[in-house]
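Okay, work33.cif now, which holds mmCIF, N, CA and C atoms and all ligand atoms:
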```
data_protein
#
loop_
_atom_site.label_atom_id
_atom_site.label_comp_id
_atom_site.auth_asym_id
_atom_site.auth_seq_id
_atom_site.Cartn_x
_atom_site.Cartn_y
_atom_site.Cartn_z
N MET A 1 27.47 -34.10 17.82
CA MET A 1 26.27 -33.30 17.55
C MET A 1 26.54 -31.80 17.65
N LEU A 2 27.75 -31.48 18.12
CA LEU A 2 28.10 -30.06 18.19
C LEU A 2 28.08 -29.42 16.81
N HIS A 3 28.45 -30.25 15.82
CA HIS A 3 28.49 -29.69 14.46
C HIS A 3 27.10 -29.27 14.00
N ASP A 4 26.09 -30.05 14.39
CA ASP A 4 24.72 -29.70 13.99
C ASP A 4 24.31 -28.36 14.58
N CYS A 5 24.66 -28.13 15.84
CA CYS A 5 24.31 -26.87 16.48
C CYS A 5 24.96 -25.69 15.75
N THR A 6 26.22 -25.87 15.40
CA THR A 6 26.93 -24.80 14.72
C THR A 6 26.26 -24.47 13.39
N THR A 7 25.87 -25.52 12.67
CA THR A 7 25.24 -25.30 11.36
C THR A 7 23.95 -24.51 11.53
N MET A 8 23.17 -24.89 12.54
CA MET A 8 21.90 -24.20 12.74
C MET A 8 22.11 -22.72 13.04
N THR A 9 23.09 -22.44 13.88
CA THR A 9 23.36 -21.05 14.22
C THR A 9 23.77 -20.26 12.98
N GLU A 10 24.60 -20.87 12.17
CA GLU A 10 25.04 -20.17 10.96
C GLU A 10 23.86 -19.90 10.03
N GLU A 11 22.98 -20.87 9.94
CA GLU A 11 21.81 -20.65 9.07
C GLU A 11 20.94 -19.52 9.60
N GLN A 12 20.80 -19.48 10.92
CA GLN A 12 19.97 -18.43 11.50
C GLN A 12 20.59 -17.06 11.26
N GLN A 13 21.90 -17.00 11.41
CA GLN A 13 22.58 -15.72 11.20
C GLN A 13 22.41 -15.28 9.75
N GLN A 14 22.50 -16.25 8.85
CA GLN A 14 22.37 -15.92 7.44
C GLN A 14 20.97 -15.38 7.14
N ARG A 15 19.97 -16.01 7.77
CA ARG A 15 18.60 -15.56 7.56
C ARG A 15 18.44 -14.12 8.05
N ASP A 16 19.04 -13.82 9.20
CA ASP A 16 18.96 -12.46 9.73
C ASP A 16 19.61 -11.46 8.78
N SER A 17 20.77 -11.83 8.27
CA SER A 17 21.48 -10.88 7.42
C SER A 17 20.78 -10.72 6.08
N ASN A 18 19.91 -11.67 5.74
CA ASN A 18 19.16 -11.55 4.49
C ASN A 18 17.90 -10.71 4.64
N ALA A 19 17.55 -10.40 5.87
CA ALA A 19 16.33 -9.62 6.09
C ALA A 19 16.52 -8.20 5.55
N LEU A 20 15.41 -7.63 5.11
CA LEU A 20 15.46 -6.28 4.55
C LEU A 20 14.60 -5.37 5.40
N TYR A 21 15.04 -4.14 5.54
CA TYR A 21 14.38 -3.19 6.43
C TYR A 21 14.07 -1.90 5.69
N PRO A 22 13.01 -1.22 6.08
CA PRO A 22 12.71 0.08 5.47
C PRO A 22 13.75 1.11 5.90
N PRO A 23 13.80 2.24 5.21
CA PRO A 23 14.79 3.27 5.58
C PRO A 23 14.54 3.77 7.01
N LYS A 24 15.60 4.27 7.63
CA LYS A 24 15.47 4.78 9.00
C LYS A 24 14.54 5.97 9.05
N LYS A 25 14.64 6.81 8.03
CA LYS A 25 13.68 7.91 7.91
C LYS A 25 12.34 7.29 7.59
N ARG A 26 11.34 7.62 8.35
CA ARG A 26 10.03 6.99 8.15
C ARG A 26 9.34 7.59 6.94
N LEU A 27 9.54 6.95 5.83
CA LEU A 27 8.85 7.40 4.63
C LEU A 27 7.48 6.75 4.58
N LYS A 28 6.51 7.54 4.20
CA LYS A 28 5.15 7.03 4.26
C LYS A 28 4.80 6.12 3.08
N SER A 29 5.68 6.08 2.11
CA SER A 29 5.32 5.34 0.91
C SER A 29 5.10 3.86 1.19
N ALA A 30 4.07 3.32 0.59
CA ALA A 30 3.73 1.91 0.77
C ALA A 30 4.72 0.99 0.08
N VAL A 31 5.60 1.53 -0.75
CA VAL A 31 6.55 0.66 -1.45
C VAL A 31 7.50 -0.03 -0.46
N TRP A 32 7.64 0.53 0.74
CA TRP A 32 8.57 -0.07 1.69
C TRP A 32 8.03 -1.36 2.30
N ASP A 33 6.80 -1.70 1.96
CA ASP A 33 6.32 -3.05 2.28
C ASP A 33 6.96 -4.07 1.35
N TYR A 34 7.45 -3.61 0.21
CA TYR A 34 7.94 -4.52 -0.82
C TYR A 34 9.43 -4.39 -1.07
N PHE A 35 10.02 -3.33 -0.55
CA PHE A 35 11.46 -3.12 -0.73
C PHE A 35 12.10 -2.84 0.62
N GLY A 36 13.41 -3.02 0.69
CA GLY A 36 14.08 -2.72 1.94
C GLY A 36 15.59 -2.74 1.76
N TYR A 37 16.27 -2.39 2.85
CA TYR A 37 17.72 -2.35 2.86
C TYR A 37 18.27 -3.39 3.82
N PRO A 38 19.41 -3.95 3.49
CA PRO A 38 20.04 -4.90 4.43
C PRO A 38 20.69 -4.16 5.59
N LYS A 39 20.94 -4.89 6.67
CA LYS A 39 21.72 -4.35 7.78
C LYS A 39 23.15 -4.82 7.65
N ASP A 40 24.09 -4.00 8.12
CA ASP A 40 25.48 -4.43 8.09
C ASP A 40 25.76 -5.28 9.33
N ALA A 41 27.02 -5.70 9.49
CA ALA A 41 27.39 -6.63 10.55
C ALA A 41 27.06 -6.06 11.93
N GLU A 42 26.99 -4.74 12.05
CA GLU A 42 26.71 -4.12 13.34
C GLU A 42 25.24 -3.80 13.53
N GLY A 43 24.42 -4.22 12.57
CA GLY A 43 22.98 -4.02 12.71
C GLY A 43 22.52 -2.66 12.24
N VAL A 44 23.36 -1.96 11.51
CA VAL A 44 22.98 -0.64 11.01
C VAL A 44 22.34 -0.80 9.63
N ILE A 45 21.17 -0.24 9.47
CA ILE A 45 20.47 -0.35 8.18
C ILE A 45 21.22 0.46 7.13
N GLN A 46 21.53 -0.20 6.03
CA GLN A 46 22.30 0.44 4.96
C GLN A 46 21.35 1.16 4.01
N ASP A 47 20.78 2.26 4.50
CA ASP A 47 19.71 2.88 3.72
C ASP A 47 20.20 4.02 2.84
N TYR A 48 21.49 4.05 2.56
CA TYR A 48 22.00 5.10 1.67
C TYR A 48 22.19 4.61 0.25
N GLY A 49 22.11 3.28 0.07
CA GLY A 49 22.33 2.74 -1.26
C GLY A 49 21.03 2.50 -1.98
N SER A 50 21.03 1.50 -2.83
CA SER A 50 19.82 1.15 -3.55
C SER A 50 19.11 0.03 -2.81
N PRO A 51 17.79 0.15 -2.68
CA PRO A 51 17.04 -0.88 -1.95
C PRO A 51 16.91 -2.18 -2.75
N PHE A 52 16.58 -3.25 -2.05
CA PHE A 52 16.38 -4.55 -2.68
C PHE A 52 14.90 -4.88 -2.69
N CYS A 53 14.47 -5.52 -3.76
CA CYS A 53 13.10 -6.01 -3.85
C CYS A 53 12.97 -7.23 -2.93
N LYS A 54 11.97 -7.21 -2.05
CA LYS A 54 11.79 -8.33 -1.13
C LYS A 54 11.30 -9.57 -1.87
N THR A 55 10.72 -9.39 -3.02
CA THR A 55 10.13 -10.52 -3.74
C THR A 55 11.18 -11.28 -4.54
N CYS A 56 11.97 -10.58 -5.34
CA CYS A 56 12.93 -11.27 -6.20
C CYS A 56 14.37 -11.00 -5.78
N ARG A 57 14.57 -10.17 -4.73
CA ARG A 57 15.90 -9.93 -4.17
C ARG A 57 16.81 -9.17 -5.12
N LYS A 58 16.23 -8.55 -6.11
CA LYS A 58 17.06 -7.74 -7.01
C LYS A 58 17.27 -6.37 -6.39
N GLN A 59 18.43 -5.80 -6.67
CA GLN A 59 18.71 -4.46 -6.19
C GLN A 59 18.22 -3.45 -7.22
N ILE A 60 17.47 -2.47 -6.77
CA ILE A 60 16.86 -1.51 -7.67
C ILE A 60 17.58 -0.17 -7.50
N ALA A 61 17.98 0.39 -8.62
CA ALA A 61 18.62 1.69 -8.56
C ALA A 61 17.59 2.75 -8.19
N ALA A 62 17.77 3.36 -7.04
CA ALA A 62 16.86 4.40 -6.60
C ALA A 62 17.63 5.32 -5.67
N ARG A 63 17.36 6.58 -5.76
CA ARG A 63 18.09 7.54 -4.94
C ARG A 63 17.20 8.11 -3.86
N GLY A 64 17.67 7.99 -2.63
CA GLY A 64 16.96 8.59 -1.52
C GLY A 64 15.51 8.17 -1.47
N SER A 65 14.63 9.15 -1.44
CA SER A 65 13.22 8.85 -1.27
C SER A 65 12.51 8.76 -2.61
N ASN A 66 13.27 8.71 -3.70
CA ASN A 66 12.66 8.59 -5.01
C ASN A 66 12.20 7.15 -5.23
N THR A 67 10.91 6.95 -5.16
CA THR A 67 10.38 5.59 -5.21
C THR A 67 9.80 5.24 -6.58
N SER A 68 9.97 6.13 -7.56
CA SER A 68 9.33 5.85 -8.85
C SER A 68 9.94 4.62 -9.52
N ASN A 69 11.27 4.45 -9.35
CA ASN A 69 11.90 3.25 -9.92
C ASN A 69 11.39 1.98 -9.25
N LEU A 70 11.09 2.10 -7.96
CA LEU A 70 10.60 0.93 -7.22
C LEU A 70 9.21 0.56 -7.70
N LEU A 71 8.36 1.58 -7.88
CA LEU A 71 7.02 1.32 -8.39
C LEU A 71 7.08 0.72 -9.79
N GLN A 72 8.02 1.24 -10.58
CA GLN A 72 8.16 0.74 -11.94
C GLN A 72 8.60 -0.73 -11.93
N HIS A 73 9.48 -1.08 -11.00
CA HIS A 73 9.92 -2.46 -10.88
C HIS A 73 8.74 -3.37 -10.55
N LEU A 74 7.92 -2.93 -9.62
CA LEU A 74 6.74 -3.73 -9.26
C LEU A 74 5.82 -3.89 -10.48
N ARG A 75 5.64 -2.81 -11.19
CA ARG A 75 4.73 -2.85 -12.34
C ARG A 75 5.25 -3.82 -13.40
N ASP A 76 6.58 -3.80 -13.62
CA ASP A 76 7.16 -4.62 -14.68
C ASP A 76 7.32 -6.09 -14.27
N HIS A 77 7.66 -6.33 -13.00
CA HIS A 77 8.02 -7.69 -12.58
C HIS A 77 7.01 -8.35 -11.67
N HIS A 78 6.27 -7.56 -10.94
CA HIS A 78 5.28 -8.14 -10.01
C HIS A 78 3.96 -7.38 -10.13
N PRO A 79 3.30 -7.55 -11.26
CA PRO A 79 2.08 -6.77 -11.53
C PRO A 79 1.02 -6.91 -10.43
N ALA A 80 0.94 -8.10 -9.83
CA ALA A 80 -0.06 -8.31 -8.79
C ALA A 80 0.23 -7.41 -7.59
N LEU A 81 1.51 -7.30 -7.23
CA LEU A 81 1.90 -6.44 -6.10
C LEU A 81 1.67 -4.98 -6.45
N HIS A 82 1.94 -4.64 -7.69
CA HIS A 82 1.75 -3.27 -8.13
C HIS A 82 0.29 -2.88 -8.02
N ALA A 83 -0.58 -3.79 -8.40
CA ALA A 83 -2.02 -3.54 -8.27
C ALA A 83 -2.38 -3.35 -6.80
N GLU A 84 -1.77 -4.17 -5.95
CA GLU A 84 -2.02 -4.10 -4.50
C GLU A 84 -1.62 -2.72 -3.96
N ILE A 85 -0.44 -2.30 -4.34
CA ILE A 85 0.09 -1.04 -3.80
C ILE A 85 -0.73 0.13 -4.29
N LYS A 86 -1.24 0.05 -5.50
CA LYS A 86 -2.05 1.14 -6.02
C LYS A 86 -3.33 1.28 -5.22
N VAL A 87 -3.89 0.16 -4.81
CA VAL A 87 -5.08 0.20 -3.96
C VAL A 87 -4.73 0.92 -2.66
N GLY A 88 -3.56 0.58 -2.11
CA GLY A 88 -3.13 1.19 -0.86
C GLY A 88 -2.94 2.69 -0.99
N LEU A 89 -2.40 3.12 -2.10
CA LEU A 89 -2.12 4.54 -2.30
C LEU A 89 -3.39 5.35 -2.45
N HIS A 90 -4.46 4.72 -2.78
CA HIS A 90 -5.71 5.45 -2.99
C HIS A 90 -6.41 5.80 -1.69
N ILE A 91 -5.98 5.17 -0.60
CA ILE A 91 -6.64 5.43 0.68
C ILE A 91 -6.32 6.86 1.14
ZN ZN A 101 11.26 -7.77 -7.70
#
```

Would it be possible to restate this file's structure as structure tokens?
Ligand SMILES: [Zn+2]
Amino acid sequence: MLHDCTTMTEEQQQRDSNALYPPKKRLKSAVWDYFGYPKDAEGVIQDYGSPFCKTCRKQIAARGSNTSNLLQHLRDHHPALHAEIKVGLHI
């Protein structure tokens, strides 16, 4: 049964490494509810590259705090989420 324990641990680790996190700099944009960056093996958020869509796991080309590509991705691929985020931005 030791093998079962090992498998479970590996699955848990994989789930952790698949989690996405917002940039370390606290950007106020609501898009970070829908996009995020992975952490590296040491738990450091890789927020210098392109963020990943939490919904479809695609990597979106975006530089720094430029979120227009992210909004465009939501609009094109997840219209329901885009509508949601627009409501949020109006507050
Ligand atoms: Zn997506």

Give as an NGL selection string the residues surrounding ligand ZN 101 (chain A) up to a distance of 8 Å, considering only N, CA and C atoms and all ligand atoms. :A and (34 or 52-59 or 73-74 or 76-78)

How many Å separate atom C of Lys24 in chain A from CA of Ala62 in chain A? 15.9 Å

Expected axis-aligned box over every listed atom of range 81-85 of chain A, 6 Å added per side, centre plus edges in Å to one decimal, as AutoDock Vina command-line options:
```
--center_x -0.2 --center_y -3.6 --center_z -6.1 --size_x 16.3 --size_y 19.4 --size_z 16.6
```

What is the distance, in Å and to one decimal place, between atom C of Gln46 in chain A and atom N of Ser29 in chain A?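 Atom-to-atom, atom C of Gln46 in chain A and atom N of Ser29 in chain A are spaced 16.5 Å apart.
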
Work out how far apart CA of Asn69 in chain A and CA of Asp40 in chain A are and give it in Å to one decimal. 23.8 Å

What parts of range 25-63 of chain A does DSSP call strand (DSSP E or B)? I'd like the answer as a list in words.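 Across range 25-63 of chain A, those assigned strand (DSSP E or B) are Phe35, Gly36, Tyr37, Lys39, Ile45, Phe52, Cys53 and Gln59 of chain A.
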
For a cut-off of 9 Å around (21.3, 3.9, 0.7), file coordinates, pick out all residues using only C-alpha atoms and list them as a list in words.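 Here is the list of nearby residues: Pro23, Tyr37, Ile45, Gln46, Asp47, Tyr48, Gly49, Ser50, Pro51, Ala62, Arg63 and Gly64 of chain A.
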
Contacts of Leu70 in chain A at 7 Å (all atoms listed in the file; same-chain gap of 6+ positions) as a VMD selection string: chain A and resid 31 60 to 62
